[in-house]
file coords.tsv (TSV, C-alpha atoms and all ligand atoms)
chain	number	residue	atom	x	y	z
A	1	MET	CA	-11.94	-5.66	13.19
A	2	LYS	CA	-8.40	-5.51	11.85
A	3	ASP	CA	-9.13	-8.54	9.64
A	4	GLU	CA	-12.15	-6.76	8.15
A	5	LYS	CA	-10.05	-3.68	7.45
A	6	LEU	CA	-7.46	-5.87	5.75
A	7	LYS	CA	-10.17	-7.55	3.68
A	8	ASN	CA	-10.89	-4.10	2.26
A	9	GLY	CA	-7.54	-4.74	0.78
A	10	GLY	CA	-7.90	-6.42	-2.55
A	11	ILE	CA	-6.85	-3.18	-4.20
A	12	GLN	CA	-4.87	-0.46	-2.43
A	13	PHE	CA	-4.71	2.99	-4.02
A	14	ILE	CA	-1.56	4.94	-3.19
A	15	THR	CA	-1.47	8.73	-3.57
A	16	HIS	CA	1.32	10.44	-5.47
A	17	TYR	CA	2.05	14.05	-6.36
A	18	THR	CA	0.52	15.20	-9.67
A	19	GLU	CA	-0.18	18.65	-11.09
A	20	ARG	CA	-3.67	17.49	-12.04
A	21	TYR	CA	-5.07	16.42	-8.67
A	22	SER	CA	-4.40	17.29	-5.05
A	23	TYR	CA	-3.73	14.33	-2.76
A	24	SER	CA	-7.21	14.46	-1.27
A	25	ASP	CA	-8.89	14.87	-4.68
A	26	ALA	CA	-6.98	11.80	-5.87
A	27	ALA	CA	-8.09	9.84	-2.81
A	28	ARG	CA	-11.69	10.96	-3.36
A	29	ILE	CA	-11.58	9.86	-6.99
A	30	ALA	CA	-10.25	6.43	-6.02
A	31	LEU	CA	-12.99	6.09	-3.40
A	32	GLU	CA	-15.66	7.19	-5.87
A	33	GLY	CA	-14.28	4.54	-8.20
A	34	GLY	CA	-14.95	1.90	-5.55
A	35	CYS	CA	-11.54	1.48	-3.92
A	36	ARG	CA	-11.74	0.79	-0.19
A	37	TRP	CA	-8.08	0.83	0.80
A	38	VAL	CA	-6.16	4.09	0.50
A	39	GLN	CA	-2.58	4.84	1.45
A	40	LEU	CA	-1.60	8.49	1.86
A	41	ARG	CA	1.94	8.68	0.49
A	42	MET	CA	3.40	12.20	0.35
A	43	LYS	CA	7.13	11.88	-0.18
A	44	ASP	CA	9.57	14.69	0.63
A	45	THR	CA	6.90	16.54	2.58
A	46	PRO	CA	7.21	17.72	6.19
A	47	VAL	CA	4.88	15.98	8.59
A	48	GLU	CA	3.16	19.25	9.53
A	49	VAL	CA	2.15	19.63	5.87
A	50	ILE	CA	1.05	16.00	5.66
A	51	LYS	CA	-1.14	16.22	8.78
A	52	PRO	CA	-3.98	18.43	7.46
A	53	VAL	CA	-4.11	16.42	4.24
A	54	ALA	CA	-4.14	13.21	6.26
A	55	LEU	CA	-7.11	14.51	8.25
A	56	GLU	CA	-9.00	15.22	5.01
A	57	VAL	CA	-8.18	11.84	3.49
A	58	GLN	CA	-9.05	10.07	6.73
A	59	ALA	CA	-12.46	11.80	6.79
A	60	LEU	CA	-13.06	10.73	3.19
A	61	CYS	CA	-12.07	7.16	3.99
A	62	ARG	CA	-14.45	7.12	6.96
A	63	GLN	CA	-17.25	8.45	4.74
A	64	TYR	CA	-16.70	5.58	2.30
A	65	GLY	CA	-15.94	2.88	4.90
A	66	ALA	CA	-12.44	2.55	3.52
A	67	THR	CA	-9.23	1.55	5.26
A	68	PHE	CA	-6.80	4.46	5.71
A	69	ILE	CA	-3.06	3.80	5.77
A	70	VAL	CA	-0.34	6.42	6.29
A	71	ASP	CA	3.00	5.92	4.54
A	72	ASP	CA	6.16	6.19	6.66
A	73	HIS	CA	4.86	8.25	9.62
A	74	VAL	CA	4.15	6.04	12.61
A	75	GLU	CA	3.61	8.87	15.09
A	76	LEU	CA	1.18	10.63	12.78
A	77	ALA	CA	-0.74	7.39	12.22
A	78	LYS	CA	-1.02	7.03	15.99
A	79	GLU	CA	-1.99	10.65	16.62
A	80	LEU	CA	-4.76	10.48	14.00
A	81	HIS	CA	-5.92	6.98	14.88
A	82	ALA	CA	-5.39	5.94	11.28
A	83	ASP	CA	-6.11	2.32	10.45
A	84	GLY	CA	-2.45	1.64	9.88
A	85	VAL	CA	0.95	2.53	8.54
A	86	HIS	CA	3.19	1.28	5.74
A	87	LEU	CA	6.92	0.92	6.47
A	88	GLY	CA	9.91	0.23	4.25
A	89	LYS	CA	13.60	-0.42	4.87
A	90	LYS	CA	14.38	3.25	5.59
A	91	ASP	CA	11.44	3.70	7.97
A	92	MET	CA	10.92	2.72	11.60
A	93	PRO	CA	11.49	-1.03	12.07
A	94	ILE	CA	8.20	-2.95	12.13
A	95	ALA	CA	8.87	-4.45	15.55
A	96	ASP	CA	9.33	-0.94	17.03
A	97	ALA	CA	6.20	0.34	15.28
A	98	ARG	CA	4.24	-2.60	16.68
A	99	LEU	CA	5.38	-1.70	20.19
A	100	MET	CA	4.26	1.90	19.64
A	101	LEU	CA	0.95	1.14	17.93
A	102	GLY	CA	-0.20	-2.06	19.57
A	103	GLU	CA	-2.09	-4.88	17.89
A	104	GLU	CA	-5.10	-2.91	16.65
A	105	TYR	CA	-3.19	-1.01	13.94
A	106	ILE	CA	-2.43	-2.50	10.54
A	107	ILE	CA	1.29	-2.49	9.78
A	108	GLY	CA	2.42	-3.13	6.22
A	109	GLY	CA	6.03	-3.80	5.34
A	110	THR	CA	7.90	-3.57	2.04
A	111	ALA	CA	9.57	-6.68	0.67
A	112	ASN	CA	11.58	-7.50	-2.41
A	113	THR	CA	12.77	-10.98	-1.40
A	114	PHE	CA	11.53	-13.99	0.54
A	115	GLU	CA	14.03	-13.07	3.28
A	116	ASP	CA	12.35	-9.66	3.65
A	117	VAL	CA	8.96	-11.37	3.94
A	118	LEU	CA	10.28	-13.76	6.60
A	119	GLN	CA	11.72	-10.89	8.65
A	120	HIS	CA	8.46	-8.91	8.47
A	121	TYR	CA	6.50	-12.04	9.42
A	122	LYS	CA	8.69	-12.52	12.50
A	123	ASP	CA	8.35	-8.81	13.38
A	124	GLY	CA	4.56	-8.92	13.27
A	125	ALA	CA	3.59	-7.25	9.97
A	126	ASP	CA	-0.04	-7.64	8.86
A	127	TYR	CA	0.62	-7.50	5.13
A	128	ILE	CA	3.51	-7.19	2.72
A	129	GLY	CA	3.82	-4.66	-0.10
A	130	CYS	CA	5.94	-6.74	-2.45
A	131	GLY	CA	7.64	-5.32	-5.47
A	132	PRO	CA	8.38	-3.74	-7.76
A	133	PHE	CA	6.51	-5.78	-10.34
A	134	ARG	CA	8.12	-3.66	-13.06
A	135	TYR	CA	9.85	-0.30	-13.47
A	136	THR	CA	7.89	2.65	-12.17
A	137	ALA	CA	8.66	6.35	-11.99
A	138	THR	CA	6.47	6.69	-8.88
A	139	LYS	CA	9.29	5.58	-6.58
A	140	LYS	CA	12.98	6.47	-6.57
A	141	ASN	CA	15.71	3.93	-5.81
A	142	LEU	CA	13.71	0.90	-6.88
A	143	SER	CA	14.69	-2.58	-5.73
A	144	PRO	CA	15.24	-5.26	-8.41
A	145	ILE	CA	12.20	-5.96	-10.58
A	146	LEU	CA	10.27	-9.11	-9.60
A	147	GLY	CA	7.99	-9.81	-12.57
A	148	LEU	CA	5.56	-12.72	-12.36
A	149	GLU	CA	8.39	-15.17	-11.62
A	150	GLY	CA	9.46	-13.22	-8.55
A	151	TYR	CA	5.99	-13.45	-7.00
A	152	THR	CA	5.65	-17.12	-7.90
A	153	THR	CA	8.95	-17.91	-6.17
A	154	ILE	CA	8.18	-15.88	-3.05
A	155	ILE	CA	4.70	-17.41	-2.69
A	156	ARG	CA	6.10	-20.95	-3.17
A	157	ARG	CA	8.76	-20.37	-0.51
A	158	MET	CA	6.12	-18.97	1.87
A	159	GLN	CA	4.00	-22.08	1.34
A	160	GLU	CA	7.00	-24.33	1.99
A	161	LYS	CA	7.57	-22.59	5.34
A	162	ASN	CA	3.85	-22.41	6.16
A	163	ILE	CA	3.92	-18.60	6.31
A	164	HIS	CA	0.49	-17.03	5.92
A	165	LEU	CA	0.65	-13.30	5.31
A	166	PRO	CA	-1.20	-11.28	2.65
A	167	ILE	CA	1.10	-10.30	-0.21
A	168	VAL	CA	0.16	-7.10	-2.06
A	169	ALA	CA	1.95	-6.70	-5.39
A	170	ILE	CA	3.15	-3.19	-6.25
A	171	GLY	CA	5.12	-1.26	-8.83
A	172	GLY	CA	4.16	-0.22	-12.34
A	173	ILE	CA	1.02	-2.36	-12.33
A	174	THR	CA	-1.73	-1.66	-14.88
A	175	ILE	CA	-5.18	-3.18	-15.22
A	176	ALA	CA	-3.94	-5.58	-17.90
A	177	ASP	CA	-1.38	-7.06	-15.47
A	178	ILE	CA	-3.76	-7.81	-12.63
A	179	PRO	CA	-5.21	-11.21	-13.67
A	180	ALA	CA	-1.77	-12.76	-14.23
A	181	ILE	CA	-0.34	-11.28	-11.03
A	182	MET	CA	-3.31	-12.58	-9.01
A	183	GLN	CA	-2.69	-16.03	-10.56
A	184	THR	CA	0.68	-16.17	-8.76
A	185	GLY	CA	-1.19	-16.37	-5.44
A	186	VAL	CA	-0.83	-12.82	-4.17
A	187	SER	CA	-3.75	-11.44	-2.13
A	188	GLY	CA	-3.90	-7.93	-3.49
A	189	ILE	CA	-2.59	-5.22	-5.75
A	190	ALA	CA	-1.38	-1.70	-4.92
A	191	LEU	CA	-1.45	0.95	-7.62
A	192	SER	CA	-0.98	4.61	-8.14
A	193	GLY	CA	0.20	5.91	-11.53
A	194	THR	CA	-2.05	3.79	-13.69
A	195	VAL	CA	-5.07	5.40	-12.01
A	196	LEU	CA	-3.67	8.92	-11.62
A	197	HIS	CA	-2.48	9.15	-15.23
A	198	ALA	CA	-5.59	7.61	-16.82
A	199	ASP	CA	-7.79	9.85	-18.98
A	200	SER	CA	-10.52	9.31	-16.41
A	201	PRO	CA	-9.03	8.10	-13.12
A	202	ALA	CA	-12.46	7.37	-11.60
A	203	ASP	CA	-13.46	5.21	-14.57
A	204	GLU	CA	-10.10	3.42	-14.51
A	205	MET	CA	-10.52	2.72	-10.80
A	206	LYS	CA	-14.03	1.38	-11.49
A	207	ARG	CA	-12.72	-0.90	-14.24
A	208	ILE	CA	-10.05	-2.22	-11.86
A	209	MET	CA	-12.54	-2.78	-9.04
A	210	ASN	CA	-14.88	-4.63	-11.42
A	211	LEU	CA	-12.26	-7.09	-12.67
A	301	LIG	C1	1.75	-1.29	-0.36
A	301	LIG	C2	3.09	-0.65	-0.39
A	301	LIG	N1	4.15	-1.41	-0.70
A	301	LIG	C3	5.38	-0.85	-0.73
A	301	LIG	C4	5.54	0.49	-0.43
A	301	LIG	C5	6.91	1.12	-0.43
A	301	LIG	O1	7.26	1.55	0.87
A	301	LIG	P1	8.77	2.06	1.12
A	301	LIG	O2	9.67	0.95	0.73
A	301	LIG	O3	8.88	2.59	2.49
A	301	LIG	O4	8.92	3.24	0.11
A	301	LIG	P2	8.08	4.60	0.11
A	301	LIG	O5	6.69	4.31	-0.32
A	301	LIG	O6	8.09	5.15	1.51
A	301	LIG	O7	8.80	5.47	-0.86
A	301	LIG	C6	4.41	1.24	-0.11
A	301	LIG	N2	4.50	2.54	0.21
A	301	LIG	N3	3.19	0.65	-0.08
A	302	LIG	C1	5.47	3.01	-3.46
A	302	LIG	C2	6.08	2.00	-4.33
A	302	LIG	N1	6.89	1.02	-3.83
A	302	LIG	C3	7.33	0.18	-4.75
A	302	LIG	S1	6.80	0.58	-6.28
A	302	LIG	C4	5.90	1.91	-5.68
A	302	LIG	C5	5.11	2.83	-6.54
A	302	LIG	C6	3.76	2.31	-6.87
A	302	LIG	O1	3.14	3.19	-7.74
A	302	LIG	P1	2.84	2.85	-9.28
A	302	LIG	O2	1.61	2.01	-9.29
A	302	LIG	O3	2.59	4.20	-9.91
A	302	LIG	O4	4.04	2.19	-9.86
A	303	MG	MG	8.60	4.32	3.33
call {"tool": "encode", "arguments": {"input": "coords.tsv", "output": "structure tokens"}}
result
Amino acid sequence: MKDEKLKNGGIQFITHYTERYSYSDAARIALEGGCRWVQLRMKDTPVEVIKPVALEVQALCRQYGATFIVDDHVELAKELHADGVHLGKKDMPIADARLMLGEEYIIGGTANTFEDVLQHYKDGADYIGCGPFRYTATKKNLSPILGLEGYTTIIRRMQEKNIHLPIVAIGGITIADIPAIMQTGVSGIALSGTVLHADSPADEMKRIMNL
């Protein structure tokens, strides 16, 4: 079951605040565009404000058969029975989240280096959000930019150590970047701004899903 939910994961759409669309409208647009992996990311927002939005986005994801991931909030993910949670360096450690959530939940971890990937692998992550590919205004305090070379190196080092874990590239990615990034051996792509800021986000999502 968890494997199937992860296979929804070629392309992960991540929400972000815009004046144009509410979080749930943005998620709906991505789903209408064919995306089947949505992460609700609402930075600088109290959890009691996130919860009702999360319920809406979860219902939408269920309607479309999409995988629903909550950013940062392990307890909320558990309370809602989300499909999973995404955790970075400043969030709950993955090993602790695994103890809280058990094996059935997807846990994604952020990595910028091979050493990060190795740690998340040992701690039981299900996938890695690896980036940033390039500069993006969607996230503050970015780690060093990886570019294509960064992914190639991380994937090669994973192969050398026989580490099998889906790598999802993230950070400033546009449709034009996707073929070359996929060529490095990553399993998926996470995007936000390129969809949200497109003239027609639903059409952009469709173009991405049809690559
Ligand atoms: C798929 C994916 N990859 C990386 C991140 C970044 O998570 P984190 O480092 O915790 O930063 P915030 O998103 O919480 O600002 C992500 N959310 N999703
Ligand atoms: C959450 C996150 N983590 C690293 S880059 C990033 C933002 C991704 O959004 P965008 O596709 O707009 O750069
Ligand atoms: Mg986080």
call {"tool": "residues_around", "arguments": {"input": "coords.tsv", "residues": "Lys161 in chain A", "least_positions_apart": "3", "cutoff": "12 Å", "atoms": "all atoms listed in the file", "output": "NGL selection string"}}
result
:A and (114-115 or 117-118 or 121 or 154-158 or 164-165)
call {"tool": "write_last_selection", "arguments": {"input": "coords.tsv", "atoms": "C-alpha atoms", "output": "short mmCIF file (atom, residue, chain, number, x, y, z; two decimals), keeping the file's coordinate frame"}}
result
data_model
loop_
_atom_site.label_atom_id
_atom_site.label_comp_id
_atom_site.auth_asym_id
_atom_site.auth_seq_id
_atom_site.Cartn_x
_atom_site.Cartn_y
_atom_site.Cartn_z
CA PHE A 114 11.53 -13.99 0.54
CA GLU A 115 14.03 -13.07 3.28
CA VAL A 117 8.96 -11.37 3.94
CA LEU A 118 10.28 -13.76 6.60
CA TYR A 121 6.50 -12.04 9.42
CA ILE A 154 8.18 -15.88 -3.05
CA ILE A 155 4.70 -17.41 -2.69
CA ARG A 156 6.10 -20.95 -3.17
CA ARG A 157 8.76 -20.37 -0.51
CA MET A 158 6.12 -18.97 1.87
CA HIS A 164 0.49 -17.03 5.92
CA LEU A 165 0.65 -13.30 5.31
#
call {"tool": "closest_atom_pairs", "arguments": {"input": "coords.tsv", "of": "chain A", "to": "ligand LIG 302 (chain A)", "cutoff": "8 Å", "atoms": "all atoms listed in the file", "output": "JSON lines"}}
result
{"residue": "A:Ile14", "atom": "CA", "partner": "A:LIG302", "partner_atom": "O1", "distance": 6.8}
{"residue": "A:His16", "atom": "CA", "partner": "A:LIG302", "partner_atom": "O3", "distance": 7.8}
{"residue": "A:Arg41", "atom": "CA", "partner": "A:LIG302", "partner_atom": "C1", "distance": 7.8}
{"residue": "A:Thr110", "atom": "CA", "partner": "A:LIG302", "partner_atom": "N1", "distance": 7.5}
{"residue": "A:Gly129", "atom": "CA", "partner": "A:LIG302", "partner_atom": "N1", "distance": 7.5}
{"residue": "A:Cys130", "atom": "CA", "partner": "A:LIG302", "partner_atom": "C3", "distance": 7.4}
{"residue": "A:Gly131", "atom": "CA", "partner": "A:LIG302", "partner_atom": "C3", "distance": 5.6}
{"residue": "A:Pro132", "atom": "CA", "partner": "A:LIG302", "partner_atom": "S1", "distance": 4.8}
{"residue": "A:Phe133", "atom": "CA", "partner": "A:LIG302", "partner_atom": "S1", "distance": 7.6}
{"residue": "A:Arg134", "atom": "CA", "partner": "A:LIG302", "partner_atom": "O4", "distance": 7.8}
{"residue": "A:Tyr135", "atom": "CA", "partner": "A:LIG302", "partner_atom": "O4", "distance": 7.3}
{"residue": "A:Thr136", "atom": "CA", "partner": "A:LIG302", "partner_atom": "O4", "distance": 4.5}
{"residue": "A:Ala137", "atom": "CA", "partner": "A:LIG302", "partner_atom": "O4", "distance": 6.6}
{"residue": "A:Thr138", "atom": "CA", "partner": "A:LIG302", "partner_atom": "C5", "distance": 4.7}
{"residue": "A:Lys139", "atom": "CA", "partner": "A:LIG302", "partner_atom": "C5", "distance": 5.0}
{"residue": "A:Leu142", "atom": "CA", "partner": "A:LIG302", "partner_atom": "C3", "distance": 6.8}
{"residue": "A:Ser143", "atom": "CA", "partner": "A:LIG302", "partner_atom": "C3", "distance": 7.9}
{"residue": "A:Ile170", "atom": "CA", "partner": "A:LIG302", "partner_atom": "S1", "distance": 5.2}
{"residue": "A:Gly171", "atom": "CA", "partner": "A:LIG302", "partner_atom": "S1", "distance": 3.6}
{"residue": "A:Gly172", "atom": "CA", "partner": "A:LIG302", "partner_atom": "O4", "distance": 3.5}
{"residue": "A:Ile173", "atom": "CA", "partner": "A:LIG302", "partner_atom": "O2", "distance": 5.4}
{"residue": "A:Thr174", "atom": "CA", "partner": "A:LIG302", "partner_atom": "O2", "distance": 7.5}
{"residue": "A:Ala190", "atom": "CA", "partner": "A:LIG302", "partner_atom": "O2", "distance": 6.5}
{"residue": "A:Leu191", "atom": "CA", "partner": "A:LIG302", "partner_atom": "O2", "distance": 3.6}
{"residue": "A:Ser192", "atom": "CA", "partner": "A:LIG302", "partner_atom": "O2", "distance": 3.8}
{"residue": "A:Gly193", "atom": "CA", "partner": "A:LIG302", "partner_atom": "O3", "distance": 3.4}
{"residue": "A:Thr194", "atom": "CA", "partner": "A:LIG302", "partner_atom": "O2", "distance": 6.0}
{"residue": "A:Val195", "atom": "CA", "partner": "A:LIG302", "partner_atom": "O2", "distance": 8.0}
call {"tool": "residues_near_ligand", "arguments": {"input": "coords.tsv", "ligand": "ligand MG 303 (chain A)", "cutoff": "7 Å", "atoms": "only C-alpha atoms and all ligand atoms", "output": "short mmCIF file (atom, residue, chain, number, x, y, z; two decimals) with C-alpha atoms, in the coordinates of the input"}}
result
data_model
loop_
_atom_site.label_atom_id
_atom_site.label_comp_id
_atom_site.auth_asym_id
_atom_site.auth_seq_id
_atom_site.Cartn_x
_atom_site.Cartn_y
_atom_site.Cartn_z
CA ASP A 71 3.00 5.92 4.54
CA ASP A 72 6.16 6.19 6.66
CA HIS A 86 3.19 1.28 5.74
CA LEU A 87 6.92 0.92 6.47
CA GLY A 88 9.91 0.23 4.25
CA LYS A 90 14.38 3.25 5.59
CA ASP A 91 11.44 3.70 7.97
#
call {"tool": "residues_near_point", "arguments": {"input": "coords.tsv", "point": "(-9.1, 10.8, 2.9)", "cutoff": "8 Å", "atoms": "all atoms listed in the file", "output": "ChimeraX atom specification"}}
result
/A:24,27-28,38,40,53-62,68
call {"tool": "residues_around", "arguments": {"input": "coords.tsv", "residues": "Lys122 in chain A", "least_positions_apart": "6", "cutoff": "12 Å", "atoms": "all atoms listed in the file", "output": "list in words"}}
result
Pro93, Ile94, Ala95, Arg98, Gly109, Glu115, Asp116, Ile163, His164 and Leu165 of chain A
call {"tool": "decode", "arguments": {"input": "coords.tsv", "residues": "range 115-172 of chain A", "atoms": "C-alpha atoms", "output": "compact mmCIF listing (two decimals), in the first residue's frame"}}
result
# COMPACT_ATOMS: atom_id res chain seq x y z
CA GLU A 115 25.68 12.29 4.14
CA ASP A 116 22.13 13.60 4.71
CA VAL A 117 20.77 10.85 2.46
CA LEU A 118 22.74 8.18 4.34
CA GLN A 119 21.44 9.42 7.70
CA HIS A 120 17.82 9.45 6.48
CA TYR A 121 18.28 5.97 5.01
CA LYS A 122 19.52 4.67 8.37
CA ASP A 123 16.64 6.43 10.17
CA GLY A 124 14.01 4.81 7.96
CA ALA A 125 12.90 7.54 5.53
CA ASP A 126 10.78 6.44 2.56
CA TYR A 127 11.95 9.12 0.16
CA ILE A 128 14.33 12.05 0.03
CA GLY A 129 13.48 15.60 -1.03
CA CYS A 130 16.88 16.58 -2.38
CA GLY A 131 17.80 20.12 -3.23
CA PRO A 132 17.77 22.89 -3.98
CA PHE A 133 18.32 22.34 -7.69
CA ARG A 134 18.65 26.12 -8.10
CA TYR A 135 17.76 29.32 -6.26
CA THR A 136 14.12 29.63 -5.30
CA ALA A 137 12.19 32.29 -3.43
CA THR A 138 9.73 29.65 -2.17
CA LYS A 139 12.01 28.69 0.74
CA LYS A 140 14.07 30.84 3.08
CA ASN A 141 17.56 29.85 4.25
CA LEU A 142 18.35 27.67 1.26
CA SER A 143 21.11 25.07 1.43
CA PRO A 144 23.85 25.20 -1.25
CA ILE A 145 22.59 24.79 -4.81
CA LEU A 146 23.08 21.29 -6.25
CA GLY A 147 22.52 21.70 -9.99
CA LEU A 148 22.65 18.61 -12.21
CA GLU A 149 26.15 17.74 -10.97
CA GLY A 150 24.99 17.58 -7.37
CA TYR A 151 22.31 14.99 -8.18
CA THR A 152 24.69 12.98 -10.36
CA THR A 153 27.22 12.80 -7.52
CA ILE A 154 24.66 11.87 -4.86
CA ILE A 155 23.10 9.17 -7.04
CA ARG A 156 26.54 7.72 -7.90
CA ARG A 157 27.51 7.58 -4.22
CA MET A 158 24.19 5.91 -3.38
CA GLN A 159 24.83 3.29 -6.04
CA GLU A 160 28.34 2.67 -4.71
CA LYS A 161 26.90 1.99 -1.25
CA ASN A 162 23.93 0.02 -2.61
CA ILE A 163 21.43 2.47 -1.10
CA HIS A 164 18.00 2.28 -2.71
CA LEU A 165 15.78 5.20 -1.76
CA PRO A 166 13.66 7.39 -4.06
CA ILE A 167 15.28 10.79 -4.62
CA VAL A 168 12.87 13.64 -5.39
CA ALA A 169 14.60 16.73 -6.78
CA ILE A 170 13.33 20.09 -5.52
CA GLY A 171 14.01 23.80 -5.70
CA GLY A 172 13.37 26.26 -8.51
